[in-house]
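Enquirer: If you scroll down you'll find the structure; I have some questions about it.
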There are 2 protein chains.
Amino acid sequence: MRPFFHPSIEDLRPEAILHALSDPDRAAIFARIATQGCVGSCSRLAALGERVIPKSSLSSHFKVLREAGLVRSERQGVEMRNSARCAEIDQRFPGLLPAILNAYAMSGGGDVKL
Amino acid sequence: MRPFFHPSIEDLRPEAILHALSDPDRAAIFARIATQGCVGSCSRLAALGERVIPKSSLSSHFKVLREAGLVRSERQGVEMRNSARCAEIDQRFPGLLPAILNAYAMSGGGDVKL
DNA sequence: CCCATAGTTCGGAAAATCGGAACTAGTGAA
DNA sequence: TTCACTAGTTCCGATTTTCCGAACTATGGG
């Protein structure tokens with residue numbers, strides 16, 4: 001399994017970002033990665049919520065986030081290290097991520113828990 | 001056909017807004033309504049781009065925008081008057097809409113033309 | 001090598017989207 | 001009233017996307 005594909009900054013498309021974050025699970029995953037800086041990843045996240053997200057679903061969620069340019073994934077031994085590309089994205093689309101994360105935080109408050 | 005359903009401010013969900021605007025066509029429609037204040041609607045929009053959007057698709061696009069709380073639609077004689085609910089949304093989710101519209105404007109520039 | 005863990009890929013079922021054709025609503029005219 | 005025209009919605013089948021269990025791949029120890 002060779003290194004993953006990560007789009008470069010100039011290839012980021014707003015529709016992909018919005019689509020990726022329009023799913024509450026993915027948004028929660030991303031929020032977690034973004035606020036904690038780094039999360040090593042799937043199974044660790046799966047255990048956090050009361051609802052179990054199957055690992056094949058988690059895998060595809062990460063793929064969507066990755067291909068939207070939201071996270072960077074690197075293999076670290078057996079597991080995965082995911083980091084948010086907030087700074088890069090904020091440079092390209094200023095204020096977008098903060099506004100979205102804030103909107104989710106406002107709405108429901110703890111509704112998006114994972 | 002009685003008045004449409006419009007969610008109230010406190011019922012707005014970020015995922016619905018992001019989903020609605022994650023489609024470039026819908027985003028372009030909304031951007032137009034938002035910047036022009038008001039657009040009376042479907043067939044008028046359909047003619048603007050070089051690509052023809054069928055009216056059944058336009059109708060469902062408006063439905064998605066409406067139910068996400070992004071636009072308000074009222075019948076005005078034989079046609080429809082659509083207005084953006086920017087102020088209300090910005091009060092609930094500050095900065096969200098400007099950031100998204102700006103992101104689309106940045107990306108592609110005229111890419112999202114309609 | 002064998003086993004365990006972390007994650008990806010495959011494949012079929014369920015859900016969402018697209019768009020043409022038919023239908024409904026409002027308006028004006030005869 | 002009835003006919004015609006326009007604006008938009010609804011219906012429904014075809015295509016596309018999403019979901020998730022099962023099978024597979026990769027890495028690291030014993």
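Residue names in the structure tokens use chain letters A, B, ... in the order shown, residue numbers from 1 in each chain, and ligand numbers from 1 in the order shown.
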May I have the residues within 12 Å of range 15-27 of chain C as a ChimeraX atom specification, using only C-alpha atoms (C1' of nucleotides) and disregarding those fewer than 5 positions away in the same chain?

Expert: /B:1-2,23,52-61,64,75-80 /D:4-19

Enquirer: Considering only C-alpha atoms, give me a table of residues in chain B that are at most 10 Å from chain A, with the closest atom pair and distance in Å for each, as a tab-separated table.

Expert:
```
residue	atom	partner	partner_atom	distance
B:Glu10	CA	A:Ser107	CA	8.5
B:Asp11	CA	A:Ser107	CA	8.9
B:Leu12	CA	A:Ser107	CA	8.0
B:Arg13	CA	A:Ser107	CA	6.6
B:Pro14	CA	A:Tyr104	CA	6.0
B:Glu15	CA	A:Ser22	CA	4.4
B:Ala16	CA	A:Ser22	CA	6.9
B:Ile17	CA	A:Ser22	CA	7.8
B:Leu18	CA	A:Ser22	CA	5.0
B:His19	CA	A:Ser22	CA	5.0
B:Ala20	CA	A:Ser22	CA	8.7
B:Leu21	CA	A:Leu18	CA	7.1
B:Ser22	CA	A:Glu15	CA	4.5
B:Asp23	CA	A:Glu15	CA	6.2
B:Pro24	CA	A:Glu15	CA	6.5
B:Ala27	CA	A:Glu15	CA	8.7
B:Arg92	CA	A:Ala103	CA	8.0
B:Phe93	CA	A:Ala103	CA	5.2
B:Pro94	CA	A:Ala99	CA	7.0
B:Gly95	CA	A:Ala99	CA	5.7
B:Leu96	CA	A:Ala99	CA	4.9
B:Leu97	CA	A:Ala99	CA	8.5
B:Pro98	CA	A:Leu96	CA	8.5
B:Ala99	CA	A:Leu96	CA	4.9
B:Ile100	CA	A:Leu96	CA	6.2
B:Leu101	CA	A:Pro14	CA	9.3
B:Asn102	CA	A:Phe93	CA	7.4
B:Ala103	CA	A:Phe93	CA	5.2
B:Tyr104	CA	A:Pro14	CA	6.0
B:Ala105	CA	A:Pro14	CA	9.5
B:Met106	CA	A:Phe93	CA	7.3
B:Ser107	CA	A:Arg13	CA	6.7
B:Gly108	CA	A:Arg13	CA	8.6
```

Enquirer: Once you have the residues from the selection above, write them out as a short mmCIF file (atom, residue, chain, number, x, y, z; two decimals), in the first residue's frame, restricted to N, CA, C and O atoms.

Expert:
```cif
data_model
loop_
_atom_site.label_atom_id
_atom_site.label_comp_id
_atom_site.auth_asym_id
_atom_site.auth_seq_id
_atom_site.Cartn_x
_atom_site.Cartn_y
_atom_site.Cartn_z
N GLU B 10 -33.99 28.24 14.32
CA GLU B 10 -33.41 27.31 15.30
C GLU B 10 -33.41 25.88 14.81
O GLU B 10 -32.76 25.01 15.39
N ASP B 11 -34.13 25.63 13.71
CA ASP B 11 -34.13 24.27 13.17
C ASP B 11 -33.06 24.07 12.10
O ASP B 11 -32.93 22.97 11.56
N LEU B 12 -32.32 25.10 11.79
CA LEU B 12 -31.31 24.96 10.73
C LEU B 12 -30.20 24.03 11.18
O LEU B 12 -29.70 24.13 12.30
N ARG B 13 -29.85 23.13 10.29
CA ARG B 13 -28.76 22.21 10.60
C ARG B 13 -27.61 22.43 9.65
O ARG B 13 -27.80 22.49 8.44
N PRO B 14 -26.41 22.53 10.17
CA PRO B 14 -25.23 22.79 9.34
C PRO B 14 -25.10 21.76 8.23
O PRO B 14 -24.76 22.11 7.10
N GLU B 15 -25.32 20.48 8.53
CA GLU B 15 -25.15 19.47 7.50
C GLU B 15 -26.07 19.71 6.31
O GLU B 15 -25.67 19.47 5.17
N ALA B 16 -27.28 20.19 6.58
CA ALA B 16 -28.20 20.45 5.48
C ALA B 16 -27.70 21.61 4.63
O ALA B 16 -27.76 21.58 3.40
N ILE B 17 -27.19 22.64 5.28
CA ILE B 17 -26.66 23.80 4.55
C ILE B 17 -25.45 23.39 3.72
O ILE B 17 -25.34 23.72 2.54
N LEU B 18 -24.54 22.64 4.34
CA LEU B 18 -23.34 22.23 3.60
C LEU B 18 -23.71 21.32 2.45
O LEU B 18 -23.16 21.42 1.36
N HIS B 19 -24.64 20.42 2.71
CA HIS B 19 -25.04 19.53 1.63
C HIS B 19 -25.66 20.33 0.48
O HIS B 19 -25.34 20.10 -0.69
N ALA B 20 -26.53 21.25 0.81
CA ALA B 20 -27.18 22.05 -0.23
C ALA B 20 -26.15 22.80 -1.06
O ALA B 20 -26.23 22.84 -2.29
N LEU B 21 -25.15 23.35 -0.41
CA LEU B 21 -24.17 24.16 -1.12
C LEU B 21 -22.99 23.34 -1.65
O LEU B 21 -22.08 23.90 -2.26
N SER B 22 -23.00 22.05 -1.43
CA SER B 22 -21.92 21.22 -1.96
C SER B 22 -22.16 20.86 -3.41
O SER B 22 -21.32 20.24 -4.04
N ASP B 23 -23.28 21.26 -3.93
CA ASP B 23 -23.53 21.08 -5.35
C ASP B 23 -23.27 22.41 -6.06
O ASP B 23 -23.88 23.42 -5.71
N PRO B 24 -22.37 22.40 -7.04
CA PRO B 24 -21.99 23.65 -7.71
C PRO B 24 -23.17 24.39 -8.34
O PRO B 24 -23.22 25.61 -8.29
N ALA B 27 -25.06 25.92 -5.50
CA ALA B 27 -24.26 27.01 -4.94
C ALA B 27 -24.34 28.23 -5.84
O ALA B 27 -24.46 29.36 -5.36
N ARG B 92 -27.40 32.95 13.06
CA ARG B 92 -27.31 31.62 13.69
C ARG B 92 -25.91 31.03 13.57
O ARG B 92 -25.37 30.48 14.52
N PHE B 93 -25.35 31.13 12.36
CA PHE B 93 -24.01 30.56 12.10
C PHE B 93 -23.11 31.66 11.53
O PHE B 93 -22.88 31.70 10.32
N PRO B 94 -22.57 32.47 12.38
CA PRO B 94 -21.85 33.65 11.91
C PRO B 94 -20.69 33.30 10.98
O PRO B 94 -19.89 32.41 11.28
N GLY B 95 -20.64 33.99 9.88
CA GLY B 95 -19.52 33.85 8.96
C GLY B 95 -19.61 32.68 8.02
O GLY B 95 -18.81 32.57 7.09
N LEU B 96 -20.56 31.80 8.22
CA LEU B 96 -20.61 30.59 7.42
C LEU B 96 -20.87 30.88 5.94
O LEU B 96 -20.08 30.49 5.06
N LEU B 97 -21.94 31.57 5.66
CA LEU B 97 -22.28 31.83 4.26
C LEU B 97 -21.23 32.67 3.54
O LEU B 97 -20.81 32.31 2.43
N PRO B 98 -20.77 33.76 4.14
CA PRO B 98 -19.72 34.54 3.47
C PRO B 98 -18.51 33.68 3.14
O PRO B 98 -17.97 33.75 2.03
N ALA B 99 -18.09 32.84 4.08
CA ALA B 99 -16.91 32.01 3.85
C ALA B 99 -17.14 31.05 2.68
O ALA B 99 -16.26 30.86 1.84
N ILE B 100 -18.30 30.46 2.62
CA ILE B 100 -18.59 29.50 1.56
C ILE B 100 -18.67 30.21 0.21
O ILE B 100 -18.06 29.77 -0.78
N LEU B 101 -19.40 31.30 0.16
CA LEU B 101 -19.53 32.02 -1.10
C LEU B 101 -18.17 32.53 -1.55
O LEU B 101 -17.84 32.49 -2.74
N ASN B 102 -17.40 32.99 -0.60
CA ASN B 102 -16.05 33.45 -0.93
C ASN B 102 -15.18 32.33 -1.46
O ASN B 102 -14.44 32.51 -2.42
N ALA B 103 -15.31 31.15 -0.86
CA ALA B 103 -14.52 30.01 -1.32
C ALA B 103 -14.85 29.68 -2.77
O ALA B 103 -13.96 29.45 -3.60
N TYR B 104 -16.13 29.68 -3.08
CA TYR B 104 -16.51 29.42 -4.47
C TYR B 104 -16.00 30.51 -5.40
O TYR B 104 -15.59 30.25 -6.53
N ALA B 105 -16.04 31.74 -4.90
CA ALA B 105 -15.58 32.85 -5.73
C ALA B 105 -14.08 32.73 -5.99
O ALA B 105 -13.61 32.99 -7.11
N MET B 106 -13.34 32.35 -4.97
CA MET B 106 -11.89 32.14 -5.09
C MET B 106 -11.61 31.05 -6.11
O MET B 106 -10.91 31.24 -7.08
N SER B 107 -12.18 29.91 -5.81
CA SER B 107 -11.96 28.75 -6.67
C SER B 107 -12.57 28.97 -8.02
O SER B 107 -13.69 29.41 -8.15
N GLY B 108 -11.82 28.69 -9.04
CA GLY B 108 -12.36 28.81 -10.39
C GLY B 108 -12.73 30.21 -10.80
O GLY B 108 -12.77 30.51 -11.97
#
```

Enquirer: Per residue of chain C within 9 Å of chain A, record the nearest atom pair and its distance in Å to one decimal, counting only C-alpha atoms (C1' of nucleotides), with rows in chain order and ascending residue number, as CSV.

Expert:
```
residue,atom,partner,partner_atom,distance
C:DT5,C1',A:Val78,CA,7.4
C:DA6,C1',A:Glu79,CA,5.2
C:DG7,C1',A:Ser59,CA,7.0
C:DT8,C1',A:Ser59,CA,7.3
```

Enquirer: Enumerate, as JSON, numbers by chain, the complete set of residues in chain B that a backbone-based DSSP assignment places in strand (DSSP E).

Expert: {"B": [38, 39, 71, 72, 73, 74, 75, 76, 79, 80, 81, 82, 83, 84]}

Enquirer: How many Å separate CA of Ile89 in chain A from CA of Leu70 in chain A?

Expert: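 Between CA of Ile89 in chain A and CA of Leu70 in chain A the gap works out to 7.6 Å.
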
Enquirer: Tell me as an NGL selection string which residues belonging to chain D come within 12 Å of chain A, counting only C-alpha atoms (C1' of nucleotides).

Expert: :D and (18-23 or 25-29)

Enquirer: For the atom pair CA of Ser83 in chain A and CA of Val71 in chain A, what is the interatomic distance in Å to one decimal place?

Expert: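 Going from CA of Ser83 in chain A over to CA of Val71 in chain A, I get 5.4 Å.
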
Enquirer: Could you pull out all residues of chain B with a DSSP call of helix (DSSP H, G or I) and give them as a PyMOL selection string?

Expert: chain B and resi 9-11+14-21+24-36+42-46+55-67+86-92+96-106

Enquirer: Skip Glu67 in chain A itself and residues of its chain fewer than 4 positions away, then list as a ChimeraX atom specification all residues within 8 Å of it, counting only C-alpha atoms (C1' of nucleotides).

Expert: /A:5-7,63

Enquirer: Could the residues in this selection be written to a file with N, CA, C and O atoms, as a short mmCIF file (atom, residue, chain, number, x, y, z; two decimals), in the first residue's frame?

Expert:
```
data_model
loop_
_atom_site.label_atom_id
_atom_site.label_comp_id
_atom_site.auth_asym_id
_atom_site.auth_seq_id
_atom_site.Cartn_x
_atom_site.Cartn_y
_atom_site.Cartn_z
N PHE A 5 -2.84 9.34 -1.98
CA PHE A 5 -2.91 10.55 -2.80
C PHE A 5 -3.48 11.70 -1.97
O PHE A 5 -4.49 11.56 -1.30
N HIS A 6 -2.78 12.81 -2.02
CA HIS A 6 -3.27 14.03 -1.37
C HIS A 6 -3.26 15.16 -2.37
O HIS A 6 -2.22 15.45 -2.95
N PRO A 7 -4.39 15.78 -2.57
CA PRO A 7 -4.43 16.88 -3.54
C PRO A 7 -3.60 18.05 -3.04
O PRO A 7 -3.46 18.25 -1.83
N LYS A 63 -11.11 8.40 3.44
CA LYS A 63 -10.76 8.59 2.03
C LYS A 63 -11.40 9.87 1.49
O LYS A 63 -10.74 10.66 0.80
#
```
